[in-house]
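Novice: Sharing model-v9.pdb, PDB, N, CA and C atoms:
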```pdb
ATOM      1  N   MET R   1      11.081  26.426  27.316
ATOM      2  CA  MET R   1      11.157  26.693  25.893
ATOM      3  C   MET R   1      12.395  26.029  25.283
ATOM      4  N   LYS R   2      13.525  26.075  26.005
ATOM      5  CA  LYS R   2      14.728  25.412  25.520
ATOM      6  C   LYS R   2      14.501  23.910  25.388
ATOM      7  N   THR R   3      13.783  23.348  26.355
ATOM      8  CA  THR R   3      13.518  21.913  26.326
ATOM      9  C   THR R   3      12.682  21.548  25.100
ATOM     10  N   LEU R   4      11.677  22.328  24.795
ATOM     11  CA  LEU R   4      10.839  22.077  23.631
ATOM     12  C   LEU R   4      11.668  22.161  22.349
ATOM     13  N   PHE R   5      12.506  23.174  22.235
ATOM     14  CA  PHE R   5      13.371  23.313  21.065
ATOM     15  C   PHE R   5      14.300  22.111  20.936
ATOM     16  N   TRP R   6      14.889  21.686  22.044
ATOM     17  CA  TRP R   6      15.796  20.543  22.033
ATOM     18  C   TRP R   6      15.065  19.273  21.601
ATOM     19  N   LEU R   7      13.857  19.044  22.137
ATOM     20  CA  LEU R   7      13.085  17.865  21.774
ATOM     21  C   LEU R   7      12.707  17.865  20.297
ATOM     22  N   LEU R   8      12.315  19.012  19.766
ATOM     23  CA  LEU R   8      11.987  19.112  18.344
ATOM     24  C   LEU R   8      13.212  18.853  17.475
ATOM     25  N   THR R   9      14.351  19.369  17.871
ATOM     26  CA  THR R   9      15.590  19.160  17.115
ATOM     27  C   THR R   9      15.960  17.682  17.090
ATOM     28  N   VAL R  10      15.905  17.028  18.231
ATOM     29  CA  VAL R  10      16.225  15.604  18.308
ATOM     30  C   VAL R  10      15.244  14.797  17.460
ATOM     31  N   ALA R  11      13.955  15.119  17.543
ATOM     32  CA  ALA R  11      12.946  14.397  16.761
ATOM     33  C   ALA R  11      13.197  14.555  15.268
ATOM     34  N   LEU R  12      13.540  15.753  14.840
ATOM     35  CA  LEU R  12      13.808  15.980  13.417
ATOM     36  C   LEU R  12      15.048  15.229  12.957
ATOM     37  N   LEU R  13      16.091  15.243  13.773
ATOM     38  CA  LEU R  13      17.318  14.548  13.406
ATOM     39  C   LEU R  13      17.103  13.045  13.317
ATOM     40  N   PHE R  14      16.456  12.467  14.312
ATOM     41  CA  PHE R  14      16.228  11.025  14.293
ATOM     42  C   PHE R  14      15.190  10.641  13.260
ATOM     43  N   GLY R  15      14.213  11.498  13.012
ATOM     44  CA  GLY R  15      13.221  11.230  11.978
ATOM     45  C   GLY R  15      13.864  11.211  10.604
ATOM     46  N   ALA R  16      14.768  12.137  10.347
ATOM     47  CA  ALA R  16      15.458  12.163   9.058
ATOM     48  C   ALA R  16      16.336  10.938   8.909
ATOM     49  N   GLU R  17      16.981  10.518   9.985
ATOM     50  CA  GLU R  17      17.831   9.333   9.946
ATOM     51  C   GLU R  17      17.002   8.092   9.666
ATOM     52  N   ALA R  18      15.840   7.985  10.292
ATOM     53  CA  ALA R  18      14.999   6.806  10.123
ATOM     54  C   ALA R  18      14.441   6.713   8.705
ATOM     55  N   ASN R  19      14.278   7.843   8.025
ATOM     56  CA  ASN R  19      13.711   7.849   6.686
ATOM     57  C   ASN R  19      14.769   7.988   5.605
ATOM     58  N   ALA R  20      16.028   7.885   5.965
ATOM     59  CA  ALA R  20      17.096   8.058   4.995
ATOM     60  C   ALA R  20      17.061   6.937   3.966
ATOM     61  N   ALA R  21      17.473   7.265   2.762
ATOM     62  CA  ALA R  21      17.572   6.281   1.681
ATOM     63  C   ALA R  21      18.866   6.550   0.929
ATOM     64  N   THR R  22      19.405   5.514   0.320
ATOM     65  CA  THR R  22      20.659   5.617  -0.415
ATOM     66  C   THR R  22      20.381   5.467  -1.903
ATOM     67  N   LEU R  23      20.883   6.382  -2.702
ATOM     68  CA  LEU R  23      20.781   6.292  -4.155
ATOM     69  C   LEU R  23      22.016   5.545  -4.651
ATOM     70  N   CYS R  24      21.809   4.364  -5.228
ATOM     71  CA  CYS R  24      22.912   3.536  -5.718
ATOM     72  C   CYS R  24      23.201   3.824  -7.190
ATOM     73  N   PRO R  25      24.345   3.359  -7.703
ATOM     74  CA  PRO R  25      24.727   3.640  -9.090
ATOM     75  C   PRO R  25      23.743   3.126 -10.147
ATOM     76  N   ASP R  26      22.833   2.206  -9.773
ATOM     77  CA  ASP R  26      21.832   1.740 -10.735
ATOM     78  C   ASP R  26      20.672   2.717 -10.881
ATOM     79  N   GLY R  27      20.744   3.851 -10.164
ATOM     80  CA  GLY R  27      19.707   4.874 -10.257
ATOM     81  C   GLY R  27      18.495   4.601  -9.394
ATOM     82  N   ARG R  28      18.566   3.585  -8.556
ATOM     83  CA  ARG R  28      17.454   3.238  -7.688
ATOM     84  C   ARG R  28      17.808   3.526  -6.238
ATOM     85  N   TYR R  29      16.781   3.884  -5.477
ATOM     86  CA  TYR R  29      16.966   4.078  -4.045
ATOM     87  C   TYR R  29      16.837   2.756  -3.324
ATOM     88  N   HIS R  30      17.593   2.631  -2.252
ATOM     89  CA  HIS R  30      17.580   1.440  -1.411
ATOM     90  C   HIS R  30      17.558   1.900   0.041
ATOM     91  N   ALA R  31      17.320   0.955   0.946
ATOM     92  CA  ALA R  31      17.387   1.286   2.363
ATOM     93  C   ALA R  31      18.751   1.907   2.649
ATOM     94  N   ASP R  32      18.804   2.762   3.639
ATOM     95  CA  ASP R  32      20.042   3.465   3.940
ATOM     96  C   ASP R  32      21.170   2.479   4.216
ATOM     97  N   GLY R  33      22.317   2.733   3.641
ATOM     98  CA  GLY R  33      23.483   1.872   3.824
ATOM     99  C   GLY R  33      24.470   2.073   2.694
ATOM    100  N   VAL R  34      25.425   1.183   2.605
ATOM    101  CA  VAL R  34      26.459   1.242   1.573
ATOM    102  C   VAL R  34      26.016   0.368   0.406
ATOM    103  N   CYS R  35      26.083   0.904  -0.801
ATOM    104  CA  CYS R  35      25.697   0.148  -1.995
ATOM    105  C   CYS R  35      26.710  -0.962  -2.272
ATOM    106  N   LYS R  36      26.181  -2.156  -2.521
ATOM    107  CA  LYS R  36      27.021  -3.300  -2.889
ATOM    108  C   LYS R  36      26.519  -3.851  -4.209
ATOM    109  N   LEU R  37      27.440  -4.173  -5.110
ATOM    110  CA  LEU R  37      27.107  -4.695  -6.424
ATOM    111  C   LEU R  37      26.893  -6.202  -6.352
ATOM    112  N   CYS R  38      25.753  -6.664  -6.852
ATOM    113  CA  CYS R  38      25.456  -8.100  -6.922
ATOM    114  C   CYS R  38      25.964  -8.645  -8.256
ATOM    115  N   PRO R  39      26.170  -9.955  -8.360
ATOM    116  CA  PRO R  39      26.691 -10.547  -9.601
ATOM    117  C   PRO R  39      25.847 -10.283 -10.851
ATOM    118  N   ASP R  40      24.550  -9.996 -10.672
ATOM    119  CA  ASP R  40      23.693  -9.742 -11.835
ATOM    120  C   ASP R  40      23.661  -8.271 -12.246
ATOM    121  N   GLY R  41      24.465  -7.434 -11.581
ATOM    122  CA  GLY R  41      24.520  -6.013 -11.913
ATOM    123  C   GLY R  41      23.578  -5.143 -11.097
ATOM    124  N   SER R  42      22.745  -5.747 -10.256
ATOM    125  CA  SER R  42      21.872  -4.968  -9.383
ATOM    126  C   SER R  42      22.647  -4.573  -8.126
ATOM    127  N   TYR R  43      22.072  -3.673  -7.367
ATOM    128  CA  TYR R  43      22.701  -3.213  -6.134
ATOM    129  C   TYR R  43      21.801  -3.494  -4.947
ATOM    130  N   THR R  44      22.411  -3.608  -3.792
ATOM    131  CA  THR R  44      21.700  -3.758  -2.533
ATOM    132  C   THR R  44      22.467  -3.011  -1.452
ATOM    133  N   THR R  45      21.773  -2.677  -0.381
ATOM    134  CA  THR R  45      22.447  -2.123   0.795
ATOM    135  C   THR R  45      22.448  -3.151   1.927
ATOM    136  N   ALA R  46      22.010  -4.366   1.629
ATOM    137  CA  ALA R  46      22.098  -5.477   2.591
ATOM    138  C   ALA R  46      23.571  -5.874   2.717
ATOM    139  N   PRO R  47      23.910  -6.665   3.714
ATOM    140  CA  PRO R  47      25.312  -7.078   3.874
ATOM    141  C   PRO R  47      25.890  -7.791   2.651
ATOM    142  N   ARG R  48      25.051  -8.529   1.914
ATOM    143  CA  ARG R  48      25.521  -9.253   0.719
ATOM    144  C   ARG R  48      24.312  -9.637  -0.135
ATOM    145  N   CYS R  49      24.569 -10.280  -1.257
ATOM    146  CA  CYS R  49      23.523 -10.760  -2.164
ATOM    147  C   CYS R  49      23.435 -12.277  -2.061
ATOM    148  N   ALA R  50      22.244 -12.804  -2.271
ATOM    149  CA  ALA R  50      22.040 -14.260  -2.262
ATOM    150  C   ALA R  50      21.325 -14.657  -3.544
ATOM    151  N   LEU R  51      21.702 -15.788  -4.087
ATOM    152  CA  LEU R  51      21.055 -16.310  -5.276
ATOM    153  C   LEU R  51      19.808 -17.077  -4.837
ATOM    154  N   ALA R  52      18.644 -16.602  -5.281
ATOM    155  CA  ALA R  52      17.375 -17.256  -4.946
ATOM    156  C   ALA R  52      17.147 -18.449  -5.874
ATOM    157  N   PRO R  53      16.270 -19.369  -5.498
ATOM    158  CA  PRO R  53      16.005 -20.545  -6.336
ATOM    159  C   PRO R  53      15.534 -20.233  -7.754
ATOM    160  N   ASP R  54      14.969 -19.042  -7.981
ATOM    161  CA  ASP R  54      14.512 -18.682  -9.328
ATOM    162  C   ASP R  54      15.610 -18.071 -10.191
ATOM    163  N   GLY R  55      16.836 -17.984  -9.652
ATOM    164  CA  GLY R  55      17.965 -17.460 -10.415
ATOM    165  C   GLY R  55      18.206 -15.971 -10.260
ATOM    166  N   ASN R  56      17.355 -15.264  -9.512
ATOM    167  CA  ASN R  56      17.543 -13.837  -9.260
ATOM    168  C   ASN R  56      18.314 -13.634  -7.963
ATOM    169  N   TYR R  57      18.985 -12.507  -7.880
ATOM    170  CA  TYR R  57      19.688 -12.165  -6.645
ATOM    171  C   TYR R  57      18.786 -11.310  -5.770
ATOM    172  N   VAL R  58      18.811 -11.594  -4.476
ATOM    173  CA  VAL R  58      18.030 -10.849  -3.490
ATOM    174  C   VAL R  58      18.961 -10.419  -2.369
ATOM    175  N   PRO R  59      18.588  -9.374  -1.624
ATOM    176  CA  PRO R  59      19.405  -8.973  -0.477
ATOM    177  C   PRO R  59      19.544 -10.127   0.511
ATOM    178  N   ASP R  60      20.709 -10.273   1.087
ATOM    179  CA  ASP R  60      20.988 -11.362   2.024
ATOM    180  C   ASP R  60      21.326 -10.781   3.386
ATOM    181  N   TYR R  61      20.479 -11.077   4.361
ATOM    182  CA  TYR R  61      20.686 -10.608   5.729
ATOM    183  C   TYR R  61      21.139 -11.738   6.645
ATOM    184  N   GLY R  62      21.683 -12.804   6.038
ATOM    185  CA  GLY R  62      22.210 -13.904   6.833
ATOM    186  C   GLY R  62      21.229 -15.034   7.062
ATOM    187  N   ARG R  63      20.074 -14.979   6.415
ATOM    188  CA  ARG R  63      19.091 -16.050   6.522
ATOM    189  C   ARG R  63      18.767 -16.550   5.119
ATOM    190  N   GLU R  64      17.908 -17.515   5.043
ATOM    191  CA  GLU R  64      17.458 -18.057   3.760
ATOM    192  C   GLU R  64      16.583 -17.043   3.021
ATOM    193  N   THR R  65      16.199 -17.393   1.803
ATOM    194  CA  THR R  65      15.168 -16.628   1.101
ATOM    195  C   THR R  65      13.844 -17.352   1.306
ATOM    196  N   ARG R  66      12.747 -16.641   1.074
ATOM    197  CA  ARG R  66      11.438 -17.278   1.193
ATOM    198  C   ARG R  66      10.574 -16.863   0.023
ATOM    199  N   LEU R  67       9.679 -17.738  -0.377
ATOM    200  CA  LEU R  67       8.778 -17.477  -1.487
ATOM    201  C   LEU R  67       7.569 -16.719  -0.956
ATOM    202  N   ALA R  68       7.357 -15.509  -1.476
ATOM    203  CA  ALA R  68       6.221 -14.683  -1.068
ATOM    204  C   ALA R  68       4.981 -15.096  -1.862
ATOM    205  N   PRO R  69       3.793 -14.773  -1.367
ATOM    206  CA  PRO R  69       2.564 -15.121  -2.082
ATOM    207  C   PRO R  69       2.473 -14.544  -3.503
ATOM    208  N   ASP R  70       3.230 -13.480  -3.800
ATOM    209  CA  ASP R  70       3.189 -12.908  -5.148
ATOM    210  C   ASP R  70       4.135 -13.621  -6.114
ATOM    211  N   GLY R  71       4.802 -14.694  -5.643
ATOM    212  CA  GLY R  71       5.657 -15.494  -6.507
ATOM    213  C   GLY R  71       7.113 -15.068  -6.568
ATOM    214  N   ARG R  72       7.457 -14.007  -5.854
ATOM    215  CA  ARG R  72       8.845 -13.551  -5.826
ATOM    216  C   ARG R  72       9.541 -14.100  -4.588
ATOM    217  N   TYR R  73      10.846 -14.286  -4.711
ATOM    218  CA  TYR R  73      11.644 -14.658  -3.540
ATOM    219  C   TYR R  73      12.109 -13.388  -2.849
ATOM    220  N   ILE R  74      11.994 -13.366  -1.530
ATOM    221  CA  ILE R  74      12.416 -12.221  -0.729
ATOM    222  C   ILE R  74      13.293 -12.725   0.404
ATOM    223  N   PRO R  75      14.087 -11.843   1.003
ATOM    224  CA  PRO R  75      14.915 -12.263   2.135
ATOM    225  C   PRO R  75      14.038 -12.710   3.305
ATOM    226  N   GLU R  76      14.468 -13.742   3.991
ATOM    227  CA  GLU R  76      13.772 -14.210   5.193
ATOM    228  C   GLU R  76      14.211 -13.339   6.362
ATOM    229  N   THR R  77      13.278 -12.577   6.898
ATOM    230  CA  THR R  77      13.589 -11.730   8.048
ATOM    231  C   THR R  77      12.660 -12.008   9.221
ATOM    232  N   GLY R  78      11.794 -13.012   9.070
ATOM    233  CA  GLY R  78      10.872 -13.336  10.147
ATOM    234  C   GLY R  78       9.479 -12.780   9.940
ATOM    235  N   SER R  79       9.334 -11.803   9.071
ATOM    236  CA  SER R  79       8.007 -11.249   8.799
ATOM    237  C   SER R  79       7.980 -10.712   7.367
ATOM    238  N   MET R  80       6.760 -10.607   6.818
ATOM    239  CA  MET R  80       6.607 -10.010   5.490
ATOM    240  C   MET R  80       5.345  -9.171   5.484
ATOM    241  N   VAL R  81       5.339  -8.160   4.622
ATOM    242  CA  VAL R  81       4.231  -7.219   4.579
ATOM    243  C   VAL R  81       3.810  -6.999   3.125
ATOM    244  N   LEU R  82       2.503  -6.845   2.902
ATOM    245  CA  LEU R  82       1.972  -6.509   1.589
ATOM    246  C   LEU R  82       1.895  -4.994   1.493
ATOM    247  N   CYS R  83       2.593  -4.424   0.519
ATOM    248  CA  CYS R  83       2.641  -2.967   0.364
ATOM    249  C   CYS R  83       1.636  -2.502  -0.688
ATOM    250  N   PRO R  84       1.361  -1.187  -0.748
ATOM    251  CA  PRO R  84       0.365  -0.654  -1.681
ATOM    252  C   PRO R  84       0.644  -0.938  -3.162
ATOM    253  N   ASP R  85       1.878  -1.289  -3.521
ATOM    254  CA  ASP R  85       2.173  -1.602  -4.922
ATOM    255  C   ASP R  85       1.793  -3.035  -5.287
ATOM    256  N   GLY R  86       1.237  -3.791  -4.327
ATOM    257  CA  GLY R  86       0.800  -5.158  -4.576
ATOM    258  C   GLY R  86       1.878  -6.203  -4.388
ATOM    259  N   ASN R  87       3.067  -5.806  -3.972
ATOM    260  CA  ASN R  87       4.175  -6.733  -3.749
ATOM    261  C   ASN R  87       4.391  -6.966  -2.265
ATOM    262  N   TYR R  88       4.945  -8.135  -1.959
ATOM    263  CA  TYR R  88       5.323  -8.465  -0.596
ATOM    264  C   TYR R  88       6.794  -8.139  -0.396
ATOM    265  N   TYR R  89       7.109  -7.644   0.801
ATOM    266  CA  TYR R  89       8.480  -7.277   1.150
ATOM    267  C   TYR R  89       8.791  -7.801   2.540
ATOM    268  N   PRO R  90      10.077  -8.069   2.835
ATOM    269  CA  PRO R  90      10.429  -8.467   4.193
ATOM    270  C   PRO R  90      10.269  -7.278   5.129
ATOM    271  N   GLY R  91       9.677  -7.490   6.281
ATOM    272  CA  GLY R  91       9.499  -6.418   7.244
ATOM    273  C   GLY R  91       8.107  -6.413   7.829
ATOM    274  N   ARG R  92       7.830  -5.388   8.621
ATOM    275  CA  ARG R  92       6.530  -5.283   9.291
ATOM    276  C   ARG R  92       5.704  -4.114   8.799
ATOM    277  N   SER R  93       6.335  -3.181   8.096
ATOM    278  CA  SER R  93       5.594  -2.052   7.532
ATOM    279  C   SER R  93       6.255  -1.648   6.218
ATOM    280  N   CYS R  94       5.563  -0.823   5.468
ATOM    281  CA  CYS R  94       6.045  -0.388   4.155
ATOM    282  C   CYS R  94       6.614   1.022   4.246
ATOM    283  N   ARG R  95       7.623   1.270   3.443
ATOM    284  CA  ARG R  95       8.221   2.607   3.365
ATOM    285  C   ARG R  95       8.318   2.995   1.905
ATOM    286  N   LEU R  96       7.812   4.180   1.576
ATOM    287  CA  LEU R  96       7.870   4.705   0.222
ATOM    288  C   LEU R  96       9.208   5.412   0.021
ATOM    289  N   LEU R  97       9.950   4.991  -0.994
ATOM    290  CA  LEU R  97      11.242   5.599  -1.305
ATOM    291  C   LEU R  97      11.049   6.806  -2.232
ATOM    292  N   PRO R  98      12.059   7.675  -2.335
ATOM    293  CA  PRO R  98      11.927   8.870  -3.183
ATOM    294  C   PRO R  98      11.631   8.563  -4.657
ATOM    295  N   ASP R  99      11.978   7.368  -5.129
ATOM    296  CA  ASP R  99      11.713   7.040  -6.539
ATOM    297  C   ASP R  99      10.356   6.383  -6.749
ATOM    298  N   GLY R 100       9.528   6.338  -5.701
ATOM    299  CA  GLY R 100       8.168   5.813  -5.824
ATOM    300  C   GLY R 100       8.027   4.328  -5.549
ATOM    301  N   ARG R 101       9.134   3.649  -5.281
ATOM    302  CA  ARG R 101       9.077   2.216  -4.955
ATOM    303  C   ARG R 101       8.908   2.049  -3.447
ATOM    304  N   TYR R 102       8.433   0.875  -3.079
ATOM    305  CA  TYR R 102       8.278   0.543  -1.663
ATOM    306  C   TYR R 102       9.351  -0.458  -1.237
ATOM    307  N   ILE R 103       9.677  -0.418   0.045
ATOM    308  CA  ILE R 103      10.498  -1.440   0.681
ATOM    309  C   ILE R 103       9.836  -1.779   2.007
ATOM    310  N   GLY R 104      10.164  -2.934   2.529
ATOM    311  CA  GLY R 104       9.680  -3.301   3.844
ATOM    312  C   GLY R 104      10.657  -2.837   4.908
ATOM    313  N   VAL R 105      10.137  -2.463   6.041
ATOM    314  CA  VAL R 105      10.989  -2.056   7.168
ATOM    315  C   VAL R 105      10.521  -2.784   8.419
ATOM    316  N   ARG R 106      11.434  -2.937   9.350
ATOM    317  CA  ARG R 106      11.108  -3.627  10.613
ATOM    318  C   ARG R 106      10.230  -2.799  11.475
TER     319      ARG R 106
END
```
Would you mind writing the structure in this file as C-alpha cells?
Specialist:
Amino acid sequence: MKTLFWLLTVALLFGAEANAATLCPDGRYHADGVCKLCPDGSYTTAPRCALAPDGNYVPDYGRETRLAPDGRYIPETGSMVLCPDGNYYPGRSCRLLPDGRYIGVR
C-alpha cells in the first residue's frame, strides 16, 4: 500500500511538472520557464528571441527558423505538428495552455 501511495505521489508531481505553464507579463501563457522580453514587446520562455524573415520575433532555441505550411515562421526544432487550432508549431505533439492556446511539445 505504501508503494502504491508513493507511485501515485511521484506520478502526480511529475505530471504537474510536465504540464506546467508560465504566465508572462503580456498576459499570455508560455511553456514553463523564465519570461524573456523580445524587442517587439512579446515574451517567450525560450532561451532568446530571433527575428524571422517576415519581421516577426519567434522563440529561438539555437537553430534557424522555418516556414510552416500555414505561412508562419516557427523555430526549427527538427519536427512540427498541426494542432487543433489549425496552426503548425515546433514539436511532436500539441499542448493546450490554460488560456486556450496551443503550443508544440517534444
Novice: Step by step, work through what the PyMOL selection byres ((chain R and resi 47) around 6) selects in the shown file, and finish by giving those residues as a ChimeraX atom specification.
Specialist: /R:45-46,48-49,60-61
Novice: Name the residues that the PyMOL selection byres (((chain R and resi 97 and name CA) around 10) and name CA) picks from the file above, as a list of chain:residue names, using the file's chain letters and numbers.
Specialist: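 Going through the file, the PyMOL selection byres (((chain R and resi 97 and name CA) around 10) and name CA) ends up selecting R:Asn19, R:Ala20, R:Ala21, R:Thr22, R:Leu23, R:Arg28, R:Tyr29, R:His30, R:Ala31, R:Cys94, R:Arg95, R:Leu96, R:Pro98, R:Asp99, R:Gly100, R:Arg101, R:Tyr102, R:Ile103.
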Novice: Report the distance between atom CA of Ala52 of chain R and atom CA of Tyr88 of chain R in Å, rounded to one decimal place.
Specialist: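 Separation of atom CA of Ala52 of chain R and atom CA of Tyr88 of chain R: 15.5 Å.
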Novice: Based on DSSP run over this structure's backbone, return all residues of chain R in strand (DSSP E), as a ChimeraX atom specification.
Specialist: /R:21-23,29-31,36-37,43-44,48-51,57-60,65-67,73-75,80-82,88-90,93-96,102-105
Novice: Would you pick out the contacts of Arg106 of chain R at 6.5 Å or less, using all atoms listed in the file, so that residues sharing its chain but fewer than 6 positions from it are not included, and give the list as a PyMOL selection string?
Specialist: chain R and resi 90-93
Novice: Assuming the chain letters and numbering stay as they are in my file, what does the PyMOL selection byres (((chain R and resi 72-76 and name CA) around 8) and name CA) actually select? List them as a PyMOL selection string.
Specialist: chain R and resi 52-54+58-61+63-71+77-79+89-90
Novice: Could you give me, as JSON, numbers by chain, each residue of chain R that DSSP assigns to alpha helix (DSSP H) when run on this structure's backbone?
Specialist: {"R": [2, 3, 4, 5, 6, 7, 8, 9, 10, 11, 12, 13, 14, 15, 16, 17, 18]}
Novice: What does the structure give for the distance between atom CA of Asp40 of chain R and atom CA of Tyr57 of chain R, in Å to one decimal?
Specialist: 7.0 Å
Novice: Under the rule that only C-alpha atoms are counted, which of R:Gly62, R:Leu82, R:Asp26, R:Gly104 is the nearest residue to Thr44 of chain R?
Specialist: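 Looking only at the distances to Thr44 of chain R, the closest residue turns out to be R:Asp26.
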Novice: Quick one: distance from atom N of Ala50 of chain R to atom CA of Cys83 of chain R in Å, one decimal?
Specialist: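 Computing the Euclidean distance for atom N of Ala50 of chain R and atom CA of Cys83 of chain R yields 22.1 Å.
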Novice: I'd like to know which of R:Asn56, R:Lys36, R:Val105, R:Gly41 is closest to Val81 of chain R, using only C-alpha atoms.
Specialist: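 Smallest separation from Val81 of chain R among the options: R:Val105.
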Novice: Padding 6 Å on every side, please: axis-aligned box over the listed atoms of segment 62-68 of chain R, centre and edge lengths to one decimal in Å, as lines of an AutoDock Vina configuration file.
Specialist:
```
center_x = 13.6
center_y = -15.4
center_z = 2.6
size_x = 29.2
size_y = 17.3
size_z = 20.9
```
